[in-house]
file coords-v4.txt (compact mmCIF, C-alpha atoms)
# COMPACT_ATOMS: atom_id res chain seq x y z
CA MET A 877 -2.15 -30.65 -6.92
CA ALA A 878 -1.90 -34.37 -7.58
CA ALA A 879 0.83 -36.15 -5.71
CA ASN A 880 2.18 -37.76 -8.92
CA LEU A 881 2.07 -34.65 -11.08
CA SER A 882 5.17 -34.59 -13.29
CA PRO A 883 6.43 -32.81 -16.41
CA ALA A 884 5.96 -34.34 -19.84
CA PRO A 885 9.03 -35.98 -21.37
CA ARG A 886 11.28 -33.41 -22.97
CA PRO A 887 11.23 -33.65 -26.77
CA ALA A 888 14.46 -34.29 -28.66
CA ILE A 889 14.16 -30.89 -30.34
CA VAL A 890 13.16 -27.87 -28.26
CA ASP A 891 13.18 -24.32 -29.59
CA HIS A 892 12.71 -21.02 -27.78
CA VAL A 893 11.07 -17.65 -28.16
CA PHE A 894 12.35 -15.01 -25.75
CA LEU A 895 11.88 -11.42 -24.66
CA ARG A 896 14.82 -9.84 -22.86
CA ASP A 897 14.84 -6.78 -20.57
CA ILE A 898 11.14 -5.96 -20.65
CA ASN A 899 10.66 -2.64 -18.86
CA LEU A 900 7.51 -2.92 -16.77
CA HIS A 901 5.85 -0.21 -14.72
CA LEU A 902 4.39 -2.12 -11.79
CA PRO A 903 1.25 -0.54 -10.30
CA ALA A 904 2.58 -1.79 -6.95
CA GLY A 905 5.71 -3.60 -5.80
CA PRO A 906 8.20 -4.09 -2.96
CA ASP A 907 9.01 -0.55 -1.80
CA PRO A 908 12.34 0.31 -0.10
CA TRP A 909 10.47 2.47 2.41
CA HIS A 910 7.84 -0.25 3.01
CA ARG A 911 5.04 1.93 1.65
CA ALA A 912 2.01 0.10 0.31
CA GLY A 913 0.60 0.72 -3.14
CA LYS A 914 3.62 2.52 -4.60
CA ALA A 915 4.44 2.01 -8.29
CA GLN A 916 7.83 0.40 -8.87
CA PRO A 917 10.18 -0.16 -11.82
CA CYS A 918 10.78 -3.73 -12.91
CA THR A 919 12.80 -5.48 -15.58
CA ALA A 920 11.59 -8.90 -16.70
CA GLY A 921 12.67 -11.56 -19.14
CA VAL A 922 10.85 -14.59 -20.51
CA LYS A 923 12.02 -17.64 -22.48
CA LEU A 924 9.22 -19.82 -23.84
CA SER A 925 10.34 -23.31 -24.84
CA TYR A 926 8.28 -25.48 -27.17
CA SER A 927 8.57 -28.18 -29.80
CA SER A 928 9.19 -26.91 -32.27
CA ALA A 929 9.97 -24.22 -34.86
CA ILE A 930 10.81 -26.78 -37.56
CA ALA A 931 7.43 -26.66 -39.31
CA ALA A 932 7.34 -22.85 -39.30
CA ALA A 933 10.87 -22.70 -40.74
CA THR A 934 10.27 -25.42 -43.36
CA ALA A 935 7.01 -23.92 -44.60
CA ASP A 936 8.11 -20.33 -43.92
CA ASP A 937 4.63 -19.90 -42.49
CA VAL A 938 4.11 -17.29 -39.76
CA SER A 939 0.87 -18.97 -38.66
CA LEU A 940 2.95 -21.86 -37.32
CA SER A 941 5.17 -19.59 -35.20
CA ILE A 942 4.86 -18.02 -31.76
CA ASP A 943 3.99 -14.31 -31.96
CA TYR A 944 6.41 -12.64 -29.53
CA GLY A 945 4.83 -9.25 -30.22
CA LYS A 946 1.54 -10.58 -28.95
CA LEU A 947 3.34 -12.06 -25.95
CA TYR A 948 4.80 -8.68 -25.01
CA ARG A 949 1.45 -6.91 -25.34
CA ARG A 950 -0.25 -9.57 -23.25
CA ILE A 951 2.32 -9.33 -20.45
CA GLU A 952 2.14 -5.54 -20.40
CA SER A 953 -1.66 -5.59 -20.31
CA GLU A 954 -1.86 -8.21 -17.56
CA VAL A 955 0.58 -6.32 -15.33
CA GLN A 956 -1.20 -3.00 -15.75
CA ASN A 957 -4.63 -4.54 -15.15
CA VAL A 958 -3.67 -6.80 -12.26
CA GLY A 959 -5.60 -4.73 -9.73
CA LYS A 960 -8.74 -4.47 -11.85
CA ASN A 961 -11.69 -6.79 -11.94
CA THR A 962 -11.02 -9.33 -14.67
CA GLY A 963 -13.31 -12.12 -13.58
CA LYS A 964 -10.37 -14.50 -13.41
CA SER A 965 -9.06 -16.33 -10.39
CA ASP A 966 -5.59 -15.87 -9.00
CA HIS A 967 -4.59 -19.26 -7.63
CA HIS A 968 -1.79 -17.93 -5.43
CA LEU A 969 -3.57 -15.63 -3.03
CA VAL A 970 -7.20 -14.68 -3.40
CA ASP A 971 -10.23 -15.34 -5.57
CA LEU A 972 -11.48 -12.42 -7.57
CA THR A 973 -15.11 -11.47 -7.16
CA THR A 974 -17.29 -10.61 -10.10
CA THR A 975 -18.50 -7.38 -8.47
CA LYS A 976 -17.19 -4.08 -9.71
CA MET A 977 -14.23 -2.73 -7.70
CA THR A 978 -13.68 0.85 -6.69
CA GLU A 979 -10.40 2.50 -7.67
CA ALA A 980 -9.14 2.24 -4.08
CA GLU A 981 -10.07 -1.45 -3.90
CA SER A 982 -8.36 -2.06 -7.21
CA ALA A 983 -5.15 -0.37 -6.00
CA LYS A 984 -5.26 -2.35 -2.76
CA ARG A 985 -5.60 -5.62 -4.61
CA ALA A 986 -2.70 -4.77 -6.93
CA ASP A 987 -0.56 -4.16 -3.86
CA ILE A 988 -1.61 -7.50 -2.35
CA LEU A 989 -0.71 -9.32 -5.55
CA LEU A 990 2.53 -7.59 -6.55
CA GLY A 991 3.65 -5.65 -3.50
CA HIS A 992 4.63 -8.59 -1.34
CA ASP A 993 5.43 -11.70 -3.34
CA VAL A 994 7.59 -11.49 -6.46
CA ARG A 995 6.51 -15.03 -7.34
CA ILE A 996 3.06 -13.71 -8.22
CA LEU A 997 4.52 -11.47 -10.90
CA ALA A 998 6.65 -14.29 -12.32
CA SER A 999 3.62 -16.58 -12.36
CA LEU A 1000 1.58 -13.95 -14.20
CA VAL A 1001 4.27 -13.69 -16.90
CA ALA A 1002 4.57 -17.49 -17.19
CA ASP A 1003 0.80 -17.84 -17.50
CA CYS A 1004 0.82 -15.30 -20.34
CA ALA A 1005 3.53 -17.21 -22.21
CA LEU A 1006 2.14 -20.71 -21.74
CA GLY A 1007 -1.36 -19.45 -22.46
CA LEU A 1008 -0.18 -17.97 -25.76
CA LEU A 1009 1.52 -21.25 -26.66
CA ASP A 1010 -1.67 -23.17 -25.90
CA GLU A 1011 -3.74 -20.77 -28.03
CA THR A 1012 -1.24 -20.98 -30.90
CA ILE A 1013 -1.35 -24.78 -30.84
CA ALA A 1014 -5.16 -24.74 -30.84
CA GLY A 1015 -5.22 -22.21 -33.69
CA VAL A 1016 -2.86 -24.31 -35.81
CA HIS A 1017 -5.03 -27.37 -35.26
CA ARG A 1018 -8.20 -25.46 -36.20
CA MET A 1019 -6.65 -24.16 -39.41
CA ALA A 1020 -5.03 -27.45 -40.43
CA HIS A 1021 -7.93 -28.59 -42.62
CA VAL A 1022 -7.93 -25.30 -44.53
CA HIS A 1023 -4.34 -25.67 -45.73
CA THR A 1024 -4.01 -29.42 -46.17
CA GLY A 1025 -3.65 -29.00 -49.90
CA SER A 1026 -1.04 -26.25 -49.90
CA PRO A 1027 2.59 -27.14 -50.72
CA SER A 1028 3.90 -25.36 -47.61
CA ARG A 1029 1.57 -27.23 -45.31
CA ARG A 1030 2.39 -30.56 -47.00
CA ARG A 1031 6.10 -29.87 -46.39
CA SER A 1032 5.53 -29.01 -42.71
CA SER A 1033 3.33 -32.07 -42.20
CA GLN A 1034 5.93 -34.37 -43.77
CA VAL A 1035 8.69 -32.95 -41.57
CA SER A 1036 6.49 -33.24 -38.49
CA ARG A 1037 5.66 -36.87 -39.23
CA ARG A 1038 9.31 -37.77 -39.74
CA LEU A 1039 10.32 -36.14 -36.44
CA SER A 1040 7.42 -37.35 -34.34
CA SER A 1041 8.68 -40.92 -34.26
CA SER A 1042 11.98 -39.80 -32.70
CA SER A 1043 10.97 -36.75 -30.68
CA TYR A 1044 10.71 -38.58 -27.39
CA ASN A 1045 12.93 -41.13 -25.73
CA GLY A 1046 12.21 -42.54 -22.32
CA GLY A 1047 9.85 -41.03 -19.79
CA ASN A 1048 6.09 -41.25 -20.03
CA THR A 1049 5.42 -43.42 -23.09
CA SER A 1050 1.67 -43.07 -22.68
CA ILE A 1051 2.13 -39.52 -23.97
CA SER A 1052 5.04 -40.01 -26.39
CA ASN A 1053 3.43 -42.92 -28.24
CA GLU A 1054 0.55 -40.67 -29.15
CA ARG A 1055 2.79 -38.09 -30.81
CA ALA A 1056 2.82 -39.80 -34.20
CA GLY A 1057 0.45 -37.33 -35.86
CA PRO A 1058 1.28 -34.52 -38.24
CA GLU A 1059 0.91 -31.69 -35.72
CA PRO A 1060 3.61 -29.04 -36.30
CA LEU A 1061 3.44 -27.96 -32.63
CA ASP A 1062 3.60 -30.47 -29.78
CA ALA A 1063 0.49 -30.02 -27.64
CA THR A 1064 1.94 -31.70 -24.55
CA PHE A 1065 5.23 -29.88 -23.97
CA GLY A 1066 5.60 -26.27 -22.90
CA GLU A 1067 8.11 -24.64 -20.55
CA CYS A 1068 8.65 -21.05 -19.51
CA GLU A 1069 11.61 -19.50 -17.72
CA VAL A 1070 10.89 -16.09 -16.20
CA SER A 1071 13.35 -13.65 -14.65
CA VAL A 1072 12.29 -10.60 -12.67
CA HIS A 1073 14.49 -7.77 -11.33
CA LEU A 1074 13.16 -5.28 -8.78
CA PRO A 1075 16.00 -2.74 -8.39
CA GLY A 1076 14.38 -0.81 -5.55
CA ALA A 1077 13.24 -3.71 -3.39
CA HIS A 1078 15.49 -2.85 -0.42
CA LEU A 1079 17.44 0.22 0.69
CA ARG A 1080 20.51 -1.78 1.69
CA ALA A 1081 20.61 -3.92 -1.47
CA GLU A 1082 22.03 -1.86 -4.32
CA GLY A 1083 21.42 -4.66 -6.80
CA GLY A 1084 17.85 -5.13 -5.65
CA LEU A 1085 15.91 -8.38 -5.64
CA LYS A 1086 16.10 -10.84 -8.54
CA PHE A 1087 13.89 -13.85 -9.01
CA ARG A 1088 13.95 -16.64 -11.56
CA SER A 1089 11.47 -19.48 -12.02
CA VAL A 1090 10.89 -22.33 -14.47
CA THR A 1091 7.29 -23.38 -15.07
CA THR A 1092 6.21 -26.28 -17.25
CA TRP A 1093 3.11 -28.23 -18.17
CA GLY A 1094 2.70 -31.14 -15.77
CA TYR A 1095 0.44 -34.16 -15.92
CA ASP A 1096 -1.13 -36.62 -13.52
CA GLY A 1097 -0.17 -39.88 -15.18
CA SER A 1098 -2.90 -41.84 -13.41
CA SER A 1099 -5.76 -39.85 -14.91
CA TYR A 1100 -5.41 -40.25 -18.67
CA GLY A 1101 -4.86 -42.83 -21.34
CA SER A 1102 -3.78 -40.71 -24.29
CA ALA A 1103 -2.10 -37.41 -25.09
CA ASP A 1104 -5.45 -35.80 -25.92
CA ASP A 1105 -6.84 -36.92 -22.57
CA ALA A 1106 -3.76 -35.47 -20.86
CA VAL A 1107 -4.17 -32.06 -22.47
CA GLU A 1108 -7.90 -31.91 -21.91
CA SER A 1109 -8.25 -33.29 -18.39
CA SER A 1110 -5.04 -33.44 -16.41
CA ARG A 1111 -2.65 -30.73 -17.57
CA GLN A 1112 -1.61 -28.18 -14.95
CA THR A 1113 1.18 -25.65 -14.67
CA LEU A 1114 4.01 -26.89 -12.48
CA VAL A 1115 6.83 -24.77 -11.06
CA VAL A 1116 9.96 -26.93 -11.11
CA ASP A 1117 12.73 -24.50 -10.17
CA GLN A 1118 13.08 -21.17 -8.34
CA GLU A 1119 15.90 -18.82 -7.40
CA PHE A 1120 15.97 -15.62 -5.34
CA ARG A 1121 18.96 -13.25 -5.33
CA VAL A 1122 19.45 -10.22 -3.06
CA GLU A 1123 22.44 -8.42 -4.54
CA GLY A 1124 24.78 -5.65 -3.49
CA ILE A 1125 24.29 -5.44 0.29
CA ARG A 1126 27.02 -2.91 1.01
CA CYS A 1127 28.50 -3.00 4.54
CA TYR A 1128 31.60 -1.61 6.26
CA CYS A 1129 33.58 -3.69 8.75
CA ILE A 1130 37.06 -4.63 9.93
CA LEU A 1131 38.14 -7.57 7.76
CA GLY A 1132 41.58 -8.97 6.97
CA VAL A 1133 44.88 -10.13 8.46
CA ASN A 1134 47.12 -7.33 7.22
CA SER A 1135 48.03 -4.63 9.72
CA HIS A 1136 46.54 -1.84 7.60
CA GLU A 1137 43.24 -3.75 7.32
CA ARG A 1138 42.87 -3.72 11.10
CA LEU A 1139 42.99 0.07 11.30
CA GLU A 1140 39.64 1.02 9.83
CA LYS A 1141 36.54 -0.48 8.30
CA GLN A 1142 36.50 -1.37 4.64
CA CYS A 1143 33.62 -1.98 2.24
CA VAL A 1144 32.30 -5.49 1.70
CA VAL A 1145 29.51 -6.34 -0.74
CA VAL A 1146 27.24 -9.26 0.16
CA THR A 1147 24.93 -11.23 -2.13
CA LEU A 1148 22.46 -13.81 -0.85
CA VAL A 1149 21.17 -16.56 -3.15
CA PHE A 1150 18.34 -19.00 -2.43
CA ARG A 1151 17.72 -21.90 -4.82
CA GLY A 1152 15.28 -24.76 -4.70
CA SER A 1153 12.39 -26.68 -6.18
CA GLY A 1154 8.98 -25.34 -7.00
CA GLU A 1155 7.60 -26.22 -3.58
CA PRO A 1156 6.05 -23.05 -2.12
CA ALA A 1157 7.09 -23.45 1.54
CA TRP A 1158 10.80 -22.59 1.30
CA GLY A 1159 10.15 -19.75 -1.12
CA SER A 1160 7.54 -18.28 1.20
CA THR A 1161 10.15 -18.16 3.97
CA VAL A 1162 12.45 -16.12 1.74
CA VAL A 1163 9.65 -13.76 0.70
CA ASP A 1164 8.44 -13.29 4.26
CA THR A 1165 11.88 -12.68 5.78
CA TYR A 1166 14.18 -11.00 3.25
CA GLN A 1167 13.27 -7.39 4.12
CA GLU A 1168 14.15 -7.74 7.82
CA MET A 1169 16.88 -10.29 7.12
CA VAL A 1170 18.88 -7.94 4.86
CA LYS A 1171 18.64 -5.17 7.44
CA VAL A 1172 19.84 -7.45 10.25
CA VAL A 1173 22.67 -8.93 8.16
CA ALA A 1174 23.96 -5.45 7.25
CA GLU A 1175 23.82 -4.18 10.84
CA ARG A 1176 25.48 -7.25 12.34
CA VAL A 1177 28.21 -7.44 9.70
CA GLU A 1178 29.21 -3.88 10.47
CA ALA A 1179 29.84 -4.88 14.10
CA THR A 1180 32.21 -7.73 13.17
CA SER A 1181 36.02 -7.90 13.11
CA TYR A 1182 37.00 -11.11 11.29
CA GLN A 1183 40.38 -11.93 9.79
CA THR A 1184 39.08 -14.12 6.96
CA VAL A 1185 36.34 -13.64 4.41
CA GLU A 1186 35.37 -17.28 4.95
CA ALA A 1187 34.55 -16.60 8.60
CA LEU A 1188 32.43 -13.59 7.69
CA ALA A 1189 30.55 -15.49 4.99
CA THR A 1190 29.83 -18.32 7.45
CA PHE A 1191 28.64 -15.80 10.04
CA ILE A 1192 26.18 -14.40 7.50
CA ALA A 1193 24.98 -17.85 6.44
CA ARG A 1194 24.25 -18.72 10.07
CA ILE A 1195 22.11 -15.59 10.51
CA VAL A 1196 20.14 -16.29 7.35
CA THR A 1197 19.43 -19.94 8.13
CA MET A 1198 19.30 -20.20 11.93
CA ASP A 1199 17.83 -16.80 12.80
CA PHE A 1200 15.42 -16.47 9.87
CA GLY A 1201 14.49 -20.09 9.20
CA ASN A 1202 15.72 -20.43 5.62
CA GLN A 1203 16.65 -23.99 4.66
CA ALA A 1204 19.83 -23.08 2.79
CA VAL A 1205 21.68 -20.12 1.34
CA THR A 1206 24.62 -19.30 -0.87
CA VAL A 1207 26.58 -16.31 0.44
CA LEU A 1208 28.91 -14.30 -1.75
CA VAL A 1209 31.20 -11.79 0.04
CA GLU A 1210 33.32 -9.46 -2.08
CA LYS A 1211 36.04 -6.96 -1.12
CA PRO A 1212 36.28 -4.12 -3.66
CA SER A 1213 39.43 -2.71 -2.02
CA ALA A 1214 41.37 -5.94 -1.57
CA MET A 1215 43.84 -5.47 -4.46
CA ALA A 1216 44.84 -2.45 -6.48
CA PHE A 1217 44.50 -4.04 -9.92
CA VAL A 1218 41.54 -6.32 -9.22
CA GLU A 1219 38.02 -4.92 -9.17
CA ARG A 1220 36.77 -7.36 -6.55
CA ALA A 1221 38.04 -10.41 -4.67
CA GLY A 1222 35.81 -12.61 -2.61
CA VAL A 1223 34.52 -15.94 -1.37
CA GLU A 1224 31.32 -17.85 -2.10
CA ILE A 1225 29.97 -20.55 0.24
CA SER A 1226 26.75 -22.58 0.47
CA ARG A 1227 25.44 -23.66 3.87
CA SER A 1228 22.23 -25.24 5.12
CA GLN A 1229 20.28 -24.96 8.32
CA ALA A 1230 21.03 -28.65 8.92
CA PHE A 1231 24.78 -27.93 8.73
CA PHE A 1232 24.64 -25.38 11.54
CA ALA A 1233 22.27 -27.51 13.62
CA GLN A 1234 24.74 -30.40 13.43
CA GLN A 1235 27.62 -28.07 14.27
CA ASP A 1236 25.80 -26.78 17.35
CA TYR A 1237 24.90 -30.31 18.42
CA MET A 1238 28.54 -31.40 18.29
CA ARG A 1239 29.64 -28.38 20.31
CA ARG A 1240 27.03 -29.06 23.01
CA LYS A 1241 28.14 -32.69 23.07
CA GLU A 1242 31.67 -31.48 23.80
CA GLY A 1243 30.39 -29.17 26.53
CA LEU A 1244 30.86 -26.01 24.46
CA GLU A 1245 28.43 -23.19 23.75
CA PRO A 1246 26.99 -23.08 20.22
CA TYR A 1247 28.33 -20.40 17.92
CA SER A 1248 26.39 -17.15 18.05
call {"tool": "encode", "arguments": {"input": "coords-v4.txt", "output": "structure tokens"}}
result
Amino acid sequence: MAANLSPAPRPAIVDHVFLRDINLHLPAGPDPWHRAGKAQPCTAGVKLSYSSAIAAATADDVSLSIDYGKLYRRIESEVQNVGKNTGKSDHHLVDLTTTKMTEAESAKRADILLGHDVRILASLVADCALGLLDETIAGVHRMAHVHTGSPSRRRSSQVSRRLSSSSYNGGNTSISNERAGPEPLDATFGECEVSVHLPGAHLRAEGGLKFRSVTTWGYDGSSYGSADDAVESSRQTLVVDQEFRVEGIRCYCILGVNSHERLEKQCVVVTLVFRGSGEPAWGSTVVDTYQEMVKVVAERVEATSYQTVEALATFIARIVTMDFGNQAVTVLVEKPSAMAFVERAGVEISRSQAFFAQQDYMRRKEGLEPYS
């Protein structure tokens, strides 16, 4: 990836096509019993952002719109065929060979792709969406000369020309200055937000594992001189935002200042959230550690006896960052039994590895042992 790869300027008008709560049957996925190659349920969502739906709406022309039915069928097909020989290359893990795979080899590859890293699944969905957008744009351009004389196409072209002069402000003018043509769909901007929910990813996490990513078309500004050059030679997909959530880690511990709360353990529900850029390193730490990390957090919480929820949340954040190497975490601790007429009460904190390292340094400087 080029060092100066960056997203295209965001147009003034951006519209969206979305699919919500797609029920996918994964041929393999994170298994609560750590078994390889086991099919898993999954719920996914996708929001494809583009510029724009104005021409399709003005001309009332379906050929200028994004076919969300085709998007669904493509996602479903790609997920079901992920372990089969497609002749494509998966840029995250391994290169596919062009030799025919046996059924066992196909199942093993599906487990490699989907069974360990939820980012692979999200990337597959994003590639489907952005690929469909690219194909739709190309199809519209190919058909443009056929319909140039039709009233609907004249209306869409006029609208597109009027908007193109004001669609971009700021950013990379080498792209935006080229957008003065009559194209009803912008060929340089595309963005896809994908959400994935794996409800059975961990035995101790009742809410399962959730992942969200935002992928866009990025460009190396040093390698082109026009928008057409950018699309043809330098466009790449760029992940700009990621979030992991492990929800509903149910534990039982002594927690509270009231006399009755010191008598027996009560339920606490923990959620861990990891947010960051599209850089792969921090996300790989989460993927590689969350199975063991959730188990350790649950076991150690159940051995605690804090008076405040804040202290317990900080204790959990220290485990996640200092013991498992995660850069930062947001910890949500909820008490379902805290108040009779309130479903849950709780505390949310965000702490970084650097915070605890500084805290330990100051304690050592004062001749004290670091917190454990």
call {"tool": "atom_distance", "arguments": {"input": "coords-v4.txt", "atom1": "CA of Phe1120 in chain A", "atom2": "CA of Thr1161 in chain A"}}
result
11.3 Å
call {"tool": "closest_residue", "arguments": {"input": "coords-v4.txt", "among": "A:Gln1167, A:Ser928, A:Ser999, A:Asn899", "to": "Val1115 in chain A", "atoms": "all atoms listed in the file"}}
result
A:Ser999
call {"tool": "atom_distance", "arguments": {"input": "coords-v4.txt", "atom1": "CA of Tyr948 in chain A", "atom2": "CA of Leu1074 in chain A"}}
result
18.6 Å
call {"tool": "residues_around", "arguments": {"input": "coords-v4.txt", "residues": "Ser925 in chain A", "least_positions_apart": "6", "cutoff": "8 Å", "atoms": "all atoms listed in the file", "output": "list of chain:residue names"}}
result
A:Val890, A:Asp891, A:His892, A:Val893, A:Gly1066, A:Glu1067, A:Cys1068
call {"tool": "atom_distance", "arguments": {"input": "coords-v4.txt", "atom1": "CA of Glu1155 in chain A", "atom2": "CA of Val1116 in chain A"}}
result
7.9 Å
